[in-house]
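**Student:** One file is attached below, data06.txt, containing compact mmCIF, C-alpha atoms.
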# COMPACT_ATOMS: atom_id res chain seq x y z
CA MET A 1 -102.03 -20.50 71.67
CA SER A 2 -101.28 -22.54 74.78
CA GLU A 3 -104.80 -23.82 75.34
CA ARG A 4 -105.07 -27.43 76.46
CA ASP A 5 -107.47 -29.97 75.01
CA PRO A 6 -110.04 -30.65 77.75
CA GLN A 7 -110.63 -34.22 76.54
CA GLY A 8 -107.11 -35.58 76.68
CA GLY A 9 -105.04 -32.94 78.40
CA ALA A 10 -102.67 -32.74 75.42
CA GLN A 11 -102.20 -29.59 73.43
CA ARG A 12 -104.30 -29.31 70.30
CA PRO A 13 -102.44 -28.45 67.08
CA GLY A 14 -102.27 -24.76 66.29
CA VAL A 15 -103.60 -22.85 63.31
CA VAL A 16 -102.93 -19.26 62.36
CA ILE A 17 -105.49 -17.46 60.22
CA VAL A 18 -104.54 -14.24 58.42
CA GLU A 19 -107.66 -12.40 57.26
CA GLU A 20 -108.13 -8.65 56.98
CA HIS A 21 -111.95 -8.78 56.94
CA MET A 22 -113.04 -8.99 60.59
CA ALA A 23 -116.30 -10.93 60.09
CA ARG A 24 -114.60 -13.59 57.94
CA ARG A 25 -111.64 -13.77 60.35
CA LEU A 26 -113.89 -14.31 63.36
CA GLY A 27 -116.16 -16.74 61.52
CA ARG A 28 -113.28 -18.91 60.36
CA ALA A 29 -111.69 -18.85 63.81
CA ALA A 30 -114.97 -19.90 65.41
CA ALA A 31 -115.47 -22.68 62.85
CA LEU A 32 -112.05 -24.17 63.58
CA SER A 33 -111.80 -23.54 67.33
CA ALA A 34 -113.45 -26.81 68.39
CA ARG A 35 -110.48 -28.80 67.06
CA TRP A 36 -107.65 -26.28 66.85
CA ARG A 37 -105.89 -23.67 68.92
CA VAL A 38 -106.63 -20.68 66.72
CA LEU A 39 -104.75 -17.41 66.46
CA ALA A 40 -106.34 -14.94 64.04
CA LEU A 41 -104.27 -12.10 62.59
CA GLU A 42 -105.46 -9.05 60.68
CA SER A 43 -102.43 -8.69 58.40
CA PHE A 44 -99.43 -10.53 56.98
CA GLU A 45 -97.00 -8.15 58.72
CA THR A 46 -96.72 -10.13 61.96
CA LEU A 47 -97.06 -13.61 60.47
CA SER A 48 -93.34 -14.47 60.46
CA ARG A 49 -92.90 -13.49 64.10
CA VAL A 50 -96.02 -15.37 65.18
CA GLN A 51 -95.00 -18.42 63.16
CA ARG A 52 -91.59 -18.55 64.85
CA ALA A 53 -93.10 -18.11 68.32
CA GLU A 54 -96.10 -20.44 67.99
CA ARG A 55 -94.93 -23.13 65.53
CA PRO A 56 -98.46 -23.75 64.14
CA SER A 57 -99.34 -26.91 62.22
CA LEU A 58 -101.34 -24.92 59.70
CA VAL A 59 -101.37 -21.36 58.37
CA LEU A 60 -104.45 -20.16 56.49
CA LEU A 61 -103.94 -17.07 54.35
CA SER A 62 -106.76 -15.00 52.90
CA VAL A 63 -106.34 -14.15 49.22
CA ASP A 64 -107.74 -10.96 47.72
CA PRO A 65 -109.05 -12.22 44.34
CA ALA A 66 -108.15 -8.94 42.64
CA HIS A 67 -104.63 -8.79 44.15
CA PRO A 68 -103.38 -12.24 45.22
CA GLY A 69 -99.71 -11.21 45.43
CA ALA A 70 -99.59 -10.39 49.14
CA ALA A 71 -100.99 -13.79 50.12
CA THR A 72 -98.80 -15.74 47.71
CA ARG A 73 -95.68 -13.93 48.92
CA ALA A 74 -96.68 -14.70 52.53
CA ALA A 75 -97.18 -18.35 51.57
CA GLN A 76 -93.71 -18.49 50.00
CA ARG A 77 -92.12 -16.96 53.11
CA THR A 78 -94.04 -19.35 55.37
CA LYS A 79 -93.05 -22.41 53.33
CA SER A 80 -89.38 -21.34 53.29
CA ALA A 81 -89.10 -21.64 57.08
CA LEU A 82 -87.30 -24.51 58.75
CA SER A 83 -89.96 -27.22 59.35
CA PRO A 84 -92.72 -25.20 57.67
CA PRO A 85 -96.37 -25.68 58.52
CA ARG A 86 -99.01 -26.62 55.98
CA VAL A 87 -100.30 -23.52 54.19
CA GLY A 88 -103.81 -23.11 52.84
CA LEU A 89 -105.09 -20.27 50.72
CA LEU A 90 -108.64 -19.03 51.36
CA CYS A 91 -110.43 -16.73 48.94
CA HIS A 92 -113.90 -15.26 49.39
CA GLY A 93 -114.27 -14.79 45.62
CA ARG A 94 -113.32 -16.68 42.50
CA VAL A 95 -110.11 -16.66 40.48
CA ASP A 96 -109.52 -18.15 37.05
CA ASP A 97 -106.74 -20.61 37.91
CA PRO A 98 -106.39 -21.30 41.65
CA ALA A 99 -104.17 -24.33 40.98
CA ALA A 100 -101.55 -22.08 39.38
CA LEU A 101 -101.54 -19.83 42.47
CA VAL A 102 -101.16 -22.84 44.77
CA LEU A 103 -98.33 -24.35 42.75
CA GLY A 104 -96.63 -20.98 42.21
CA CYS A 105 -96.27 -20.25 45.91
CA GLY A 106 -95.91 -23.79 47.28
CA ALA A 107 -99.20 -23.75 49.21
CA ASP A 108 -100.89 -26.98 50.28
CA GLY A 109 -104.44 -26.18 49.15
CA TRP A 110 -107.03 -23.69 47.95
CA LEU A 111 -110.54 -23.01 49.20
CA GLY A 112 -112.47 -20.40 47.28
CA GLY A 113 -115.98 -18.96 47.42
CA GLU A 114 -118.48 -18.91 50.25
CA VAL A 115 -118.06 -21.88 52.58
CA ASN A 116 -119.75 -23.10 55.72
CA GLU A 117 -118.17 -24.58 58.84
CA ALA A 118 -118.47 -28.19 57.67
CA THR A 119 -116.87 -27.44 54.29
CA LEU A 120 -114.01 -25.53 55.92
CA ASN A 121 -113.29 -28.31 58.42
CA ALA A 122 -113.43 -31.04 55.74
CA TRP A 123 -111.07 -29.03 53.53
CA VAL A 124 -108.64 -28.47 56.43
CA ASP A 125 -108.63 -32.23 57.04
CA GLN A 126 -107.66 -32.77 53.39
CA VAL A 127 -104.86 -30.20 53.64
CA MET A 128 -103.51 -31.82 56.80
CA ARG A 129 -103.51 -35.24 55.09
CA GLY A 130 -101.34 -33.77 52.32
CA GLU A 131 -103.96 -34.05 49.58
CA ARG A 132 -103.45 -30.49 48.21
CA PRO A 133 -107.18 -29.89 47.59
CA ILE A 134 -108.28 -27.22 45.14
CA THR A 135 -111.89 -26.46 46.06
CA GLN A 136 -113.87 -23.64 44.46
CA GLU A 137 -117.34 -23.14 45.93
CA SER A 138 -119.91 -20.65 44.65
CA ALA A 139 -118.73 -17.05 44.75
CA PRO A 140 -120.40 -14.68 47.18
CA ARG A 141 -123.42 -12.92 45.79
CA ARG A 142 -122.75 -9.40 44.68
CA GLY A 143 -124.96 -6.52 43.70
CA LEU A 144 -125.79 -5.32 40.20
CA LEU A 145 -123.03 -2.71 40.20
CA GLY A 146 -120.43 -5.31 41.23
CA ARG A 147 -121.55 -7.67 38.46
CA LEU A 148 -121.42 -4.88 35.90
CA LEU A 149 -117.94 -3.82 36.99
CA GLY A 150 -116.73 -7.44 37.16
CA ARG A 151 -116.01 -7.35 40.89
Once more with this new file: its structure as structure tokens, please.
**Tutor:**
Amino acid sequence: MSERDPQGGAQRPGVVIVEEHMARRLGRAAALSARWRVLALESFETLSRVQRAERPSLVLLSVDPAHPGAATRAAQRTKSALSPPRVGLLCHGRVDDPAALVLGCGADGWLGGEVNEATLNAWVDQVMRGERPITQESAPRRGLLGRLLGR
């Protein structure tokens, strides 16, 4: 994450994205790469080490809507660091009470559902201003079997 900003020569702020799903990870990294130095990780296992080495301004953690515990624990660990970065929770689905998850783990915002590049960048701006946005867009479309099973 040592890329220089070609416009001013200064380093751009860093963001770390933790997302297991490769297409979402790459899409989010591409959406943010125009303004951020982006490092995308596949799992929470290396987050602490990367955070210490890179000192990012923002950490974005993907939340599994069926099992949010791994992401919320990672958010708590990230926020407990000396001079912690802002932490945003991203969820591709919907949860009943995203505000409770954000408050429970000390995160700085929630973005749920399917989002486009403009929505993601606007939400990141809100997080970086300290607004603690809770944004829940439409959930991804799922097939008949998923609807019947509630997934």
**Student:** Each residue of region 4-41 of chain A lying at most 12 Å from region 109-116 of chain A should get a row with its shortest atom-to-atom pair and the distance in Å to one decimal, counting all atoms listed in the file; could you produce that, ordered by chain and increasing number, as JSON lines?
**Tutor:**
{"residue": "A:Arg24", "atom": "CA", "partner": "A:Glu114", "partner_atom": "CA", "distance": 10.1}
{"residue": "A:Gly27", "atom": "CA", "partner": "A:Asn116", "partner_atom": "CA", "distance": 9.3}
{"residue": "A:Arg28", "atom": "CA", "partner": "A:Asn116", "partner_atom": "CA", "distance": 9.0}
{"residue": "A:Ala30", "atom": "CA", "partner": "A:Asn116", "partner_atom": "CA", "distance": 11.3}
{"residue": "A:Ala31", "atom": "CA", "partner": "A:Asn116", "partner_atom": "CA", "distance": 8.3}
{"residue": "A:Leu32", "atom": "CA", "partner": "A:Asn116", "partner_atom": "CA", "distance": 11.1}
**Student:** Could you save the residues just selected, with C-alpha atoms, as a PDB file, keeping the file's coordinate frame?
**Tutor:**
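Output (part.pdb):
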ATOM      1  CA  ARG A  24    -114.600 -13.590  57.940  1.00  0.00           C
ATOM      2  CA  GLY A  27    -116.160 -16.740  61.520  1.00  0.00           C
ATOM      3  CA  ARG A  28    -113.280 -18.910  60.360  1.00  0.00           C
ATOM      4  CA  ALA A  30    -114.970 -19.900  65.410  1.00  0.00           C
ATOM      5  CA  ALA A  31    -115.470 -22.680  62.850  1.00  0.00           C
ATOM      6  CA  LEU A  32    -112.050 -24.170  63.580  1.00  0.00           C
TER       7      LEU A  32
END
**Student:** Considering all atoms listed in the file, return as a compact mmCIF listing (two decimals) with C-alpha atoms, in the frame of the given file whatever protein or nucleic-acid residues lie within 12 Å of Thr46 (chain A), sequence-local ones (same chain, fewer than 4 positions apart) excluded.
**Tutor:**
# COMPACT_ATOMS: atom_id res chain seq x y z
CA VAL A 16 -102.93 -19.26 62.36
CA ILE A 17 -105.49 -17.46 60.22
CA VAL A 18 -104.54 -14.24 58.42
CA LEU A 39 -104.75 -17.41 66.46
CA ALA A 40 -106.34 -14.94 64.04
CA LEU A 41 -104.27 -12.10 62.59
CA GLU A 42 -105.46 -9.05 60.68
CA VAL A 50 -96.02 -15.37 65.18
CA GLN A 51 -95.00 -18.42 63.16
CA ARG A 52 -91.59 -18.55 64.85
CA ALA A 53 -93.10 -18.11 68.32
CA GLU A 54 -96.10 -20.44 67.99
CA ALA A 74 -96.68 -14.70 52.53
CA THR A 78 -94.04 -19.35 55.37
**Student:** For a cut-off of 12 Å around (-95.3, -14.3, 47.8), file coordinates, pick out all residues using all atoms listed in the file and list them as a VMD selection string.
**Tutor:** chain A and resid 44 61 63 67 to 80 89 101 to 107
**Student:** May I ask for the distance between CA of Leu82 (chain A) and CA of Trp123 (chain A), given in Å to one decimal place?
**Tutor:**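 Distance between the two atoms: 24.8 Å.
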**Student:** Could you tell me how far CA of Ser57 (chain A) sits from CA of Pro84 (chain A), in Å to one decimal place?
**Tutor:**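 Answer for the CA of Pro84 (chain A) to CA of Ser57 (chain A) separation: 8.2 Å.
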